[in-house]
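K.L.:
Structure provided below as structure tokens; questions to follow.
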Amino acid sequence: MGVSSSSAPEPATPTAQVSAIFIYPIKSCRGISVPSAPLTPTGLRWDRQWVVVNSKGRACTQRVEPGLALIEVQLPSEAFDETWEPTKVSYMVLKAPGMQPLEVCLNKQHGVTDGVSVWEWSGSAWDEGAEASQWFSDYLGKPSRLVRFNTAAEVRPVDPDYVKGHQTMFSDGYPFLLISQESLNALNQLLKEPLPINRFRPNFLVEGCEPFSEDLWQEIDISRFSFLALKLCSRCKIPSIDQETGISGPEPNETLMRTRSDKVIRPNGKQKSKFYFGQNLVWNWKDSSAKGNGKIINVGDPVFVHKKVSSADEAAA
């Protein structure tokens, strides 16, 4: 396998830098752009801690409920301080077309609901109560509940085929997603109408590297923190949904299938009939760099690449 790696100290110049950070407190609802965010082993703090579920406890996403794209989520500005803890008057505020704002207390005693499922995982979750349930049921037009990850009793491991000993909450499968601005620019050059980054829902947007160079990365540092790049991010229907209107169209998925499919970028790899945009990461939180306080990623932080493959054909997917 053509791998170039380095055990030397970090390169003199970074490969890229962080240009934006996004957190998505409720799975498939709108994200929040923040200047900095605390790291946790399961993702950025507050990221995908909540999910809307249907009457069977199954996760609702934009794939089936594109109206989730229109739900705006607000957290207190101090929520992104590493040491901040919510009080009984700390709220997440939700806004949606035609709905009165909903306040969800960030510090309360929860009831536990069983039978919550996100893809292959199922377990218990904290139920946010009748008011939140009614709000989502009214908005979506079907029985729904808002639940929070039960950190006291549940663990959701990342796919052990790619890495062992790492966890996530209600993300699709991995705690961090990284995309470069240059990759977005390259895609937009192929589209009649350029698209914003919110179609792709990354946690880290970086800039300063070559288009799609993140495909090749295996071990990187963001600031002083070590991350493992595990697999290319296969894309679903969501990039085709306009995040301002909730209306889907053919792009960018048609172009991605034509230019970023298995057959195109990984012709010698196992063919899965998928297309890819972005790189899934885990934070190597057991590394010595993770010790102490100040575990925060900031916009402007440098990205150093320590190990990479020589072509996307060799990247995990």
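Residues in the structure tokens are numbered from 1 in each chain, the chains being A, B, ... in the order shown, and ligands are numbered from 1 in the order shown.
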Kindly assemble as a Markdown table a list of the stretch 104-123 of chain A residues that lie within 12 Å of stretch 71-79 of chain A, each paired with its nearest atom pair and their distance in Å to one decimal, using only C-alpha atoms, sorted first by chain and then by ascending residue number.

P.N.:
| residue | atom | partner | partner_atom | distance |
| --- | --- | --- | --- | --- |
| A:Val104 | CA | A:Leu75 | CA | 9.9 |
| A:Cys105 | CA | A:Leu75 | CA | 10.5 |
| A:Leu106 | CA | A:Leu75 | CA | 9.3 |

K.L.:
DSSP on the backbone, alpha helix (DSSP H) only: what residues of stretch 113-211 of chain A does that give? Format it as a list in words.

P.N.:
Ala130, Glu131, Ala132, Ser133, Gln134, Trp135, Phe136, Ser137, Asp138, Tyr139, Leu140, Gln181, Glu182, Ser183, Leu184, Asn185, Ala186, Leu187 and Asn188 of chain A

K.L.:
So that I have them on file, write out the residues from the current selection with all heavy atoms, as a short mmCIF file (atom, residue, chain, number, x, y, z; two decimals), in the first residue's frame.

P.N.:
data_model
loop_
_atom_site.label_atom_id
_atom_site.label_comp_id
_atom_site.auth_asym_id
_atom_site.auth_seq_id
_atom_site.Cartn_x
_atom_site.Cartn_y
_atom_site.Cartn_z
N ALA A 130 -43.34 16.08 27.02
CA ALA A 130 -44.57 16.20 26.25
C ALA A 130 -44.60 17.46 25.38
O ALA A 130 -45.10 17.43 24.26
CB ALA A 130 -45.77 16.19 27.20
N GLU A 131 -44.10 18.57 25.91
CA GLU A 131 -44.15 19.82 25.14
C GLU A 131 -43.31 19.71 23.87
O GLU A 131 -43.75 20.11 22.78
CB GLU A 131 -43.67 20.99 25.99
CG GLU A 131 -43.79 22.34 25.27
CD GLU A 131 -43.27 23.50 26.10
OE1 GLU A 131 -42.72 23.27 27.20
OE2 GLU A 131 -43.39 24.66 25.63
N ALA A 132 -42.11 19.17 23.99
CA ALA A 132 -41.25 18.98 22.82
C ALA A 132 -41.88 17.99 21.85
O ALA A 132 -41.84 18.17 20.63
CB ALA A 132 -39.86 18.52 23.24
N SER A 133 -42.47 16.93 22.40
CA SER A 133 -43.13 15.93 21.55
C SER A 133 -44.26 16.56 20.75
O SER A 133 -44.39 16.32 19.54
CB SER A 133 -43.65 14.78 22.41
OG SER A 133 -44.39 13.87 21.62
N GLN A 134 -45.08 17.37 21.41
CA GLN A 134 -46.20 18.02 20.70
C GLN A 134 -45.69 18.97 19.63
O GLN A 134 -46.25 19.05 18.53
CB GLN A 134 -47.08 18.76 21.70
CG GLN A 134 -48.40 19.24 21.13
CD GLN A 134 -49.28 18.09 20.69
OE1 GLN A 134 -49.57 17.19 21.48
NE2 GLN A 134 -49.69 18.08 19.43
N TRP A 135 -44.63 19.70 19.94
CA TRP A 135 -44.08 20.68 19.00
C TRP A 135 -43.61 19.98 17.72
O TRP A 135 -43.97 20.40 16.61
CB TRP A 135 -42.91 21.41 19.67
CG TRP A 135 -42.43 22.65 18.99
CD1 TRP A 135 -42.86 23.92 19.19
CD2 TRP A 135 -41.38 22.74 18.00
NE1 TRP A 135 -42.15 24.82 18.41
CE2 TRP A 135 -41.24 24.11 17.66
CE3 TRP A 135 -40.56 21.82 17.38
CZ2 TRP A 135 -40.31 24.56 16.71
CZ3 TRP A 135 -39.63 22.27 16.44
CH2 TRP A 135 -39.51 23.62 16.11
N PHE A 136 -42.85 18.91 17.86
CA PHE A 136 -42.36 18.20 16.68
C PHE A 136 -43.49 17.44 15.97
O PHE A 136 -43.51 17.36 14.74
CB PHE A 136 -41.22 17.24 17.05
CG PHE A 136 -39.89 17.91 17.15
CD1 PHE A 136 -39.39 18.34 18.37
CD2 PHE A 136 -39.13 18.15 16.01
CE1 PHE A 136 -38.15 18.98 18.45
CE2 PHE A 136 -37.90 18.78 16.07
CZ PHE A 136 -37.41 19.20 17.30
N SER A 137 -44.43 16.91 16.73
CA SER A 137 -45.57 16.22 16.12
C SER A 137 -46.39 17.19 15.28
O SER A 137 -46.82 16.86 14.16
CB SER A 137 -46.44 15.57 17.20
OG SER A 137 -45.73 14.61 17.93
N ASP A 138 -46.61 18.39 15.81
CA ASP A 138 -47.36 19.40 15.05
C ASP A 138 -46.59 19.82 13.80
O ASP A 138 -47.17 19.97 12.71
CB ASP A 138 -47.64 20.61 15.93
CG ASP A 138 -48.66 20.33 17.03
OD1 ASP A 138 -49.33 19.29 16.95
OD2 ASP A 138 -48.75 21.15 17.97
N TYR A 139 -45.30 20.03 13.96
CA TYR A 139 -44.51 20.52 12.83
C TYR A 139 -44.39 19.47 11.72
O TYR A 139 -44.54 19.78 10.53
CB TYR A 139 -43.12 20.94 13.30
CG TYR A 139 -42.23 21.44 12.17
CD1 TYR A 139 -42.51 22.63 11.52
CD2 TYR A 139 -41.12 20.71 11.76
CE1 TYR A 139 -41.72 23.08 10.48
CE2 TYR A 139 -40.32 21.15 10.72
CZ TYR A 139 -40.62 22.34 10.08
OH TYR A 139 -39.85 22.77 9.04
N LEU A 140 -44.14 18.23 12.09
CA LEU A 140 -43.94 17.17 11.09
C LEU A 140 -45.25 16.52 10.65
O LEU A 140 -45.28 15.80 9.64
CB LEU A 140 -43.00 16.11 11.63
CG LEU A 140 -41.57 16.57 11.91
CD1 LEU A 140 -40.76 15.45 12.56
CD2 LEU A 140 -40.87 17.06 10.63
N GLN A 181 -12.48 23.60 1.70
CA GLN A 181 -13.11 24.62 0.84
C GLN A 181 -12.72 24.40 -0.61
O GLN A 181 -13.53 24.62 -1.53
CB GLN A 181 -12.67 26.02 1.30
CG GLN A 181 -13.27 27.16 0.50
CD GLN A 181 -14.76 27.29 0.68
OE1 GLN A 181 -15.25 27.29 1.82
NE2 GLN A 181 -15.50 27.38 -0.41
N GLU A 182 -11.49 23.96 -0.82
CA GLU A 182 -11.03 23.73 -2.20
C GLU A 182 -11.82 22.61 -2.87
O GLU A 182 -12.10 22.69 -4.08
CB GLU A 182 -9.54 23.41 -2.19
CG GLU A 182 -8.64 24.62 -1.92
CD GLU A 182 -8.62 25.06 -0.47
OE1 GLU A 182 -9.09 24.30 0.41
OE2 GLU A 182 -8.14 26.18 -0.20
N SER A 183 -12.21 21.59 -2.12
CA SER A 183 -13.04 20.53 -2.69
C SER A 183 -14.42 21.07 -3.06
O SER A 183 -14.96 20.74 -4.12
CB SER A 183 -13.19 19.38 -1.70
OG SER A 183 -11.94 18.80 -1.41
N LEU A 184 -14.98 21.90 -2.18
CA LEU A 184 -16.27 22.53 -2.51
C LEU A 184 -16.15 23.42 -3.73
O LEU A 184 -17.01 23.41 -4.61
CB LEU A 184 -16.77 23.33 -1.31
CG LEU A 184 -18.11 24.05 -1.52
CD1 LEU A 184 -19.24 23.06 -1.77
CD2 LEU A 184 -18.44 24.95 -0.32
N ASN A 185 -15.07 24.19 -3.81
CA ASN A 185 -14.88 25.06 -4.98
C ASN A 185 -14.78 24.24 -6.26
O ASN A 185 -15.35 24.61 -7.30
CB ASN A 185 -13.60 25.89 -4.81
CG ASN A 185 -13.69 26.89 -3.67
OD1 ASN A 185 -14.78 27.15 -3.15
ND2 ASN A 185 -12.57 27.44 -3.27
N ALA A 186 -14.05 23.12 -6.20
CA ALA A 186 -13.89 22.27 -7.39
C ALA A 186 -15.24 21.69 -7.81
O ALA A 186 -15.55 21.62 -9.02
CB ALA A 186 -12.89 21.15 -7.11
N LEU A 187 -16.04 21.26 -6.85
CA LEU A 187 -17.37 20.76 -7.18
C LEU A 187 -18.24 21.86 -7.78
O LEU A 187 -18.92 21.65 -8.79
CB LEU A 187 -18.04 20.19 -5.93
CG LEU A 187 -19.50 19.75 -6.09
CD1 LEU A 187 -19.64 18.64 -7.12
CD2 LEU A 187 -20.08 19.33 -4.74
N ASN A 188 -18.20 23.04 -7.17
CA ASN A 188 -19.03 24.14 -7.65
C ASN A 188 -18.69 24.56 -9.08
O ASN A 188 -19.55 25.04 -9.82
CB ASN A 188 -18.94 25.33 -6.71
CG ASN A 188 -19.86 25.19 -5.51
OD1 ASN A 188 -20.87 24.49 -5.57
ND2 ASN A 188 -19.52 25.86 -4.41
#

K.L.:
Residues at most 8 Å from A:Ala229, counting only C-alpha atoms, excluding those fewer than 6 positions away in the same chain, as a list in words?

P.N.:
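The contact residues come out as Trp217, Gln218, Glu219, Ile220, Gln279, Asn280, Leu281 and Val282 of chain A.
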
K.L.:
Fewer than 5 positions away in the same chain doesn't count, so skip those; otherwise give me all residues within 7 Å of stretch 15-25 of chain A, counting only C-alpha atoms, as a PyMOL selection string.

P.N.:
chain A and resi 30-36+44+46-50+202-209+299-305

K.L.:
Work out how far apart atom CA of A:Val264 and atom CA of A:Arg235 are and give it in Å to one decimal.

P.N.:
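Distance between the two atoms: 15.0 Å.
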